[in-house]
Each structure stands twice: as C-alpha cells, then as structure tokens.
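So this block is entry-v1.txt, compact mmCIF, N, CA and C atoms:
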```txt
# COMPACT_ATOMS: atom_id res chain seq x y z
N MET A 188 22.84 17.78 -13.77
CA MET A 188 22.19 17.58 -12.49
C MET A 188 20.83 16.91 -12.74
N GLU A 189 20.51 15.95 -11.89
CA GLU A 189 19.25 15.23 -12.01
C GLU A 189 18.17 15.99 -11.24
N GLN A 190 17.04 16.24 -11.91
CA GLN A 190 15.95 16.93 -11.25
C GLN A 190 14.86 15.93 -10.91
N ARG A 191 14.47 15.87 -9.66
CA ARG A 191 13.45 14.95 -9.20
C ARG A 191 12.10 15.67 -9.21
N SER A 192 11.04 14.89 -9.40
CA SER A 192 9.71 15.48 -9.40
C SER A 192 8.81 14.75 -8.42
N PHE A 193 7.79 15.44 -7.98
CA PHE A 193 6.81 14.84 -7.09
C PHE A 193 5.83 13.97 -7.86
N LEU A 194 5.82 14.06 -9.19
CA LEU A 194 4.90 13.27 -9.99
C LEU A 194 5.20 11.78 -9.85
N GLY A 195 6.46 11.41 -9.91
CA GLY A 195 6.83 9.99 -9.76
C GLY A 195 6.46 9.46 -8.38
N ALA A 196 6.69 10.26 -7.35
CA ALA A 196 6.33 9.85 -5.99
C ALA A 196 4.82 9.72 -5.84
N GLY A 197 4.10 10.67 -6.41
CA GLY A 197 2.64 10.61 -6.34
C GLY A 197 2.06 9.42 -7.08
N LEU A 198 2.65 9.10 -8.23
CA LEU A 198 2.18 7.94 -8.99
C LEU A 198 2.46 6.64 -8.24
N LEU A 199 3.61 6.54 -7.59
CA LEU A 199 3.91 5.34 -6.80
C LEU A 199 2.95 5.18 -5.63
N VAL A 200 2.70 6.26 -4.91
CA VAL A 200 1.78 6.19 -3.77
C VAL A 200 0.38 5.82 -4.23
N THR A 201 -0.08 6.46 -5.30
CA THR A 201 -1.42 6.18 -5.81
C THR A 201 -1.54 4.75 -6.31
N SER A 202 -0.55 4.27 -7.05
CA SER A 202 -0.63 2.90 -7.57
C SER A 202 -0.55 1.88 -6.44
N GLY A 203 0.22 2.16 -5.39
CA GLY A 203 0.26 1.26 -4.25
C GLY A 203 -1.08 1.18 -3.54
N ALA A 204 -1.75 2.33 -3.40
CA ALA A 204 -3.06 2.34 -2.74
C ALA A 204 -4.11 1.64 -3.60
N ILE A 205 -4.10 1.90 -4.90
CA ILE A 205 -5.07 1.25 -5.79
C ILE A 205 -4.81 -0.25 -5.87
N PHE A 206 -3.54 -0.64 -5.82
CA PHE A 206 -3.15 -2.05 -5.87
C PHE A 206 -3.74 -2.83 -4.71
N MET A 207 -3.95 -2.15 -3.56
CA MET A 207 -4.43 -2.84 -2.36
C MET A 207 -5.94 -2.82 -2.21
N ILE A 208 -6.68 -2.11 -3.04
CA ILE A 208 -8.13 -1.99 -2.86
C ILE A 208 -8.83 -3.34 -3.02
N HIS A 209 -8.53 -4.06 -4.07
CA HIS A 209 -9.21 -5.34 -4.33
C HIS A 209 -8.95 -6.38 -3.25
N PRO A 210 -7.69 -6.63 -2.84
CA PRO A 210 -7.49 -7.62 -1.79
C PRO A 210 -8.10 -7.22 -0.45
N LEU A 211 -8.12 -5.93 -0.15
CA LEU A 211 -8.74 -5.51 1.11
C LEU A 211 -10.24 -5.74 1.08
N THR A 212 -10.88 -5.56 -0.07
CA THR A 212 -12.31 -5.87 -0.15
C THR A 212 -12.54 -7.37 -0.03
N ILE A 213 -11.63 -8.19 -0.55
CA ILE A 213 -11.75 -9.63 -0.37
C ILE A 213 -11.65 -9.99 1.11
N PHE A 214 -10.72 -9.36 1.84
CA PHE A 214 -10.62 -9.60 3.27
C PHE A 214 -11.91 -9.22 3.99
N MET A 215 -12.47 -8.06 3.65
CA MET A 215 -13.68 -7.62 4.32
C MET A 215 -14.84 -8.57 4.06
N ILE A 216 -14.99 -9.01 2.82
CA ILE A 216 -16.06 -9.95 2.49
C ILE A 216 -15.83 -11.27 3.22
N HIS A 217 -14.59 -11.73 3.27
CA HIS A 217 -14.26 -12.98 3.95
C HIS A 217 -14.58 -12.89 5.44
N PHE A 218 -14.24 -11.77 6.07
CA PHE A 218 -14.50 -11.62 7.49
C PHE A 218 -15.99 -11.48 7.79
N MET A 219 -16.74 -10.87 6.87
CA MET A 219 -18.18 -10.73 7.08
C MET A 219 -18.89 -12.08 6.94
N LYS A 220 -18.41 -12.93 6.04
CA LYS A 220 -19.04 -14.23 5.84
C LYS A 220 -18.77 -15.16 7.01
N HIS A 221 -17.61 -15.05 7.63
CA HIS A 221 -17.24 -15.95 8.72
C HIS A 221 -17.40 -15.22 10.04
N SER A 222 -18.60 -15.30 10.60
CA SER A 222 -18.87 -14.58 11.84
C SER A 222 -18.16 -15.20 13.03
N GLN A 223 -17.69 -16.46 12.92
CA GLN A 223 -17.00 -17.07 14.05
C GLN A 223 -15.67 -16.37 14.33
N MET A 224 -15.15 -15.59 13.37
CA MET A 224 -13.90 -14.86 13.62
C MET A 224 -14.12 -13.78 14.67
N ALA A 225 -15.34 -13.26 14.76
CA ALA A 225 -15.63 -12.25 15.77
C ALA A 225 -15.67 -12.86 17.16
N THR A 226 -15.96 -14.17 17.25
CA THR A 226 -16.03 -14.82 18.55
C THR A 226 -14.68 -15.38 18.99
N GLY A 227 -13.66 -15.28 18.17
CA GLY A 227 -12.34 -15.70 18.56
C GLY A 227 -11.90 -17.03 17.97
N HIS A 228 -12.75 -17.71 17.24
CA HIS A 228 -12.34 -18.97 16.63
C HIS A 228 -11.51 -18.68 15.38
N SER A 229 -10.58 -19.56 15.11
CA SER A 229 -9.72 -19.33 13.95
C SER A 229 -10.43 -19.76 12.67
N ALA A 230 -10.14 -19.10 11.60
CA ALA A 230 -10.67 -19.43 10.29
C ALA A 230 -9.54 -19.28 9.28
N VAL A 231 -9.70 -19.86 8.15
CA VAL A 231 -8.68 -19.80 7.11
C VAL A 231 -8.73 -18.43 6.44
N ILE A 232 -7.60 -17.77 6.38
CA ILE A 232 -7.50 -16.48 5.70
C ILE A 232 -6.83 -16.74 4.36
N PRO A 233 -7.42 -16.27 3.26
CA PRO A 233 -6.80 -16.50 1.96
C PRO A 233 -5.43 -15.85 1.87
N GLY A 234 -4.43 -16.61 1.41
CA GLY A 234 -3.06 -16.12 1.41
C GLY A 234 -2.72 -15.22 0.24
N GLY A 235 -3.39 -15.39 -0.90
CA GLY A 235 -3.09 -14.59 -2.07
C GLY A 235 -3.31 -13.11 -1.85
N PRO A 236 -4.47 -12.71 -1.34
CA PRO A 236 -4.68 -11.28 -1.08
C PRO A 236 -3.73 -10.71 -0.05
N LEU A 237 -3.29 -11.53 0.89
CA LEU A 237 -2.34 -11.05 1.89
C LEU A 237 -1.02 -10.67 1.24
N LEU A 238 -0.57 -11.47 0.31
CA LEU A 238 0.67 -11.17 -0.43
C LEU A 238 0.52 -9.88 -1.24
N VAL A 239 -0.63 -9.70 -1.86
CA VAL A 239 -0.86 -8.49 -2.66
C VAL A 239 -0.88 -7.25 -1.77
N VAL A 240 -1.45 -7.36 -0.58
CA VAL A 240 -1.46 -6.22 0.34
C VAL A 240 -0.03 -5.88 0.77
N ILE A 241 0.78 -6.91 1.03
CA ILE A 241 2.18 -6.66 1.40
C ILE A 241 2.93 -5.98 0.26
N LEU A 242 2.71 -6.45 -0.97
CA LEU A 242 3.36 -5.81 -2.12
C LEU A 242 2.86 -4.38 -2.31
N GLY A 243 1.56 -4.16 -2.13
CA GLY A 243 1.01 -2.80 -2.24
C GLY A 243 1.59 -1.87 -1.20
N LEU A 244 1.78 -2.37 0.02
CA LEU A 244 2.42 -1.55 1.06
C LEU A 244 3.86 -1.21 0.69
N GLY A 245 4.54 -2.16 0.04
CA GLY A 245 5.90 -1.90 -0.42
C GLY A 245 5.95 -0.80 -1.46
N ILE A 246 5.04 -0.86 -2.42
CA ILE A 246 4.97 0.18 -3.46
C ILE A 246 4.63 1.53 -2.84
N LEU A 247 3.67 1.53 -1.92
CA LEU A 247 3.28 2.76 -1.24
C LEU A 247 4.46 3.34 -0.46
N GLY A 248 5.21 2.47 0.22
CA GLY A 248 6.39 2.92 0.97
C GLY A 248 7.47 3.50 0.07
N LEU A 249 7.68 2.87 -1.10
CA LEU A 249 8.66 3.42 -2.04
C LEU A 249 8.25 4.81 -2.50
N GLY A 250 6.96 5.00 -2.73
CA GLY A 250 6.49 6.33 -3.14
C GLY A 250 6.70 7.37 -2.05
N LEU A 251 6.43 6.97 -0.80
CA LEU A 251 6.64 7.91 0.31
C LEU A 251 8.12 8.27 0.46
N VAL A 252 8.99 7.27 0.35
CA VAL A 252 10.43 7.54 0.46
C VAL A 252 10.90 8.44 -0.67
N LYS A 253 10.39 8.19 -1.87
CA LYS A 253 10.78 9.01 -3.02
C LYS A 253 10.30 10.46 -2.83
N GLY A 254 9.09 10.63 -2.30
CA GLY A 254 8.58 11.98 -2.05
C GLY A 254 9.38 12.71 -1.00
N ILE A 255 9.75 12.01 0.07
CA ILE A 255 10.56 12.63 1.12
C ILE A 255 11.94 13.00 0.59
N ARG A 256 12.53 12.10 -0.19
CA ARG A 256 13.85 12.38 -0.76
C ARG A 256 13.78 13.55 -1.75
N THR A 257 12.71 13.62 -2.51
CA THR A 257 12.54 14.73 -3.45
C THR A 257 12.41 16.05 -2.71
N GLU A 258 11.66 16.04 -1.61
CA GLU A 258 11.49 17.26 -0.82
C GLU A 258 12.82 17.71 -0.22
N ARG A 259 13.60 16.78 0.28
CA ARG A 259 14.87 17.15 0.91
C ARG A 259 15.87 17.68 -0.10
N THR A 260 15.90 17.10 -1.31
CA THR A 260 16.84 17.60 -2.32
C THR A 260 16.36 18.92 -2.90
N ALA A 261 15.05 19.14 -2.94
CA ALA A 261 14.54 20.40 -3.46
C ALA A 261 14.90 21.55 -2.53
N VAL A 262 14.95 21.30 -1.24
CA VAL A 262 15.29 22.34 -0.26
C VAL A 262 16.77 22.69 -0.36
N THR A 263 17.63 21.70 -0.58
CA THR A 263 19.06 21.98 -0.62
C THR A 263 19.48 22.71 -1.92
N ILE A 264 18.72 22.55 -2.99
CA ILE A 264 19.06 23.22 -4.25
C ILE A 264 18.77 24.71 -4.17
N ARG A 265 17.72 25.07 -3.48
CA ARG A 265 17.33 26.48 -3.37
C ARG A 265 18.35 27.20 -2.62
```

Let me see whether you can do it: turn the structure in this file into structure tokens.
Amino acid sequence: MEQRSFLGAGLLVTSGAIFMIHPLTIFMIHFMKHSQMATGHSAVIPGGPLLVVILGLGILGLGLVKGIRTERTAVTIR
C-alpha cells in the first residue's frame, strides 16, 4: 500500500509560492514606475514574469490537489 504524506504537498505549495515572489515584485516595480497605468492608459507589461506567475500558480495548485487527495485517503484508511 502506498502511503502519502503532507510533506510533499507542503513542499509543492511552498515552492510554488516562492517561485512567484520575484516576478510579482517585478510587476509591482513596473506598475509603480508607470503611473499612467493608474489613469487607464495602456502600457507594456513584461511577458516573462507573467509566464513565471502562471507556472507558479500551476505548482501551487498541484500542491493543493496533492494535499486534498492525501487528506481524503488518510480518512478512508482509518
């Protein structure tokens, strides 16, 4: 029988969150430098950090799904 642990789920969630810290700070700095975005004018948003945020959300989601699945299987074994 395969035993699942919350450690793997926690590591996935943590790594997904840490993975997104740098690109989110780049977004914040970019938005602070371009004040015309607050007035409604369009500005160029860097695409690289956006991709990293999407990947980080994917990793975070995998960790959440793994944690939920681990919780549900732990209840049925007892």

Q) Which value, in Å to one decimal, gives the distance between atom C of Pro210 of chain A and atom C of Pro236 of chain A? A) 5.6 Å

Q. Atom CA of Thr201 of chain A and atom N of Leu247 of chain A are how many Å apart?
A. 7.9 Å

Q) Which residue gives the smallest distance to Gly248 of chain A among A:Ile208, A:Met219, A:Leu199, A:Thr260, with only N, CA and C atoms counted? A)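 Nearest candidate to Gly248 of chain A out of A:Ile208, A:Met219, A:Leu199, A:Thr260: A:Leu199.
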
Q. Which one of A:Leu242, A:Arg191, A:Gly235, A:Lys220 sits closest to Phe206 of chain A if you count only C-alpha atoms?
A. A:Leu242

Q: May I ask for the distance between atom CA of Val240 of chain A and atom N of Gly203 of chain A, given in Å to one decimal place?
A: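 According to the coordinates, atom CA of Val240 of chain A and atom N of Gly203 of chain A are separated by 10.3 Å.
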
**Q.** Spatial neighbours of segment 193-195 of chain A, max dist 8 Å, all atoms listed in the file, sep filter under 4 positions, as a PyMOL selection string
**A.** chain A and resi 199-201+249-251+253-254+257-258
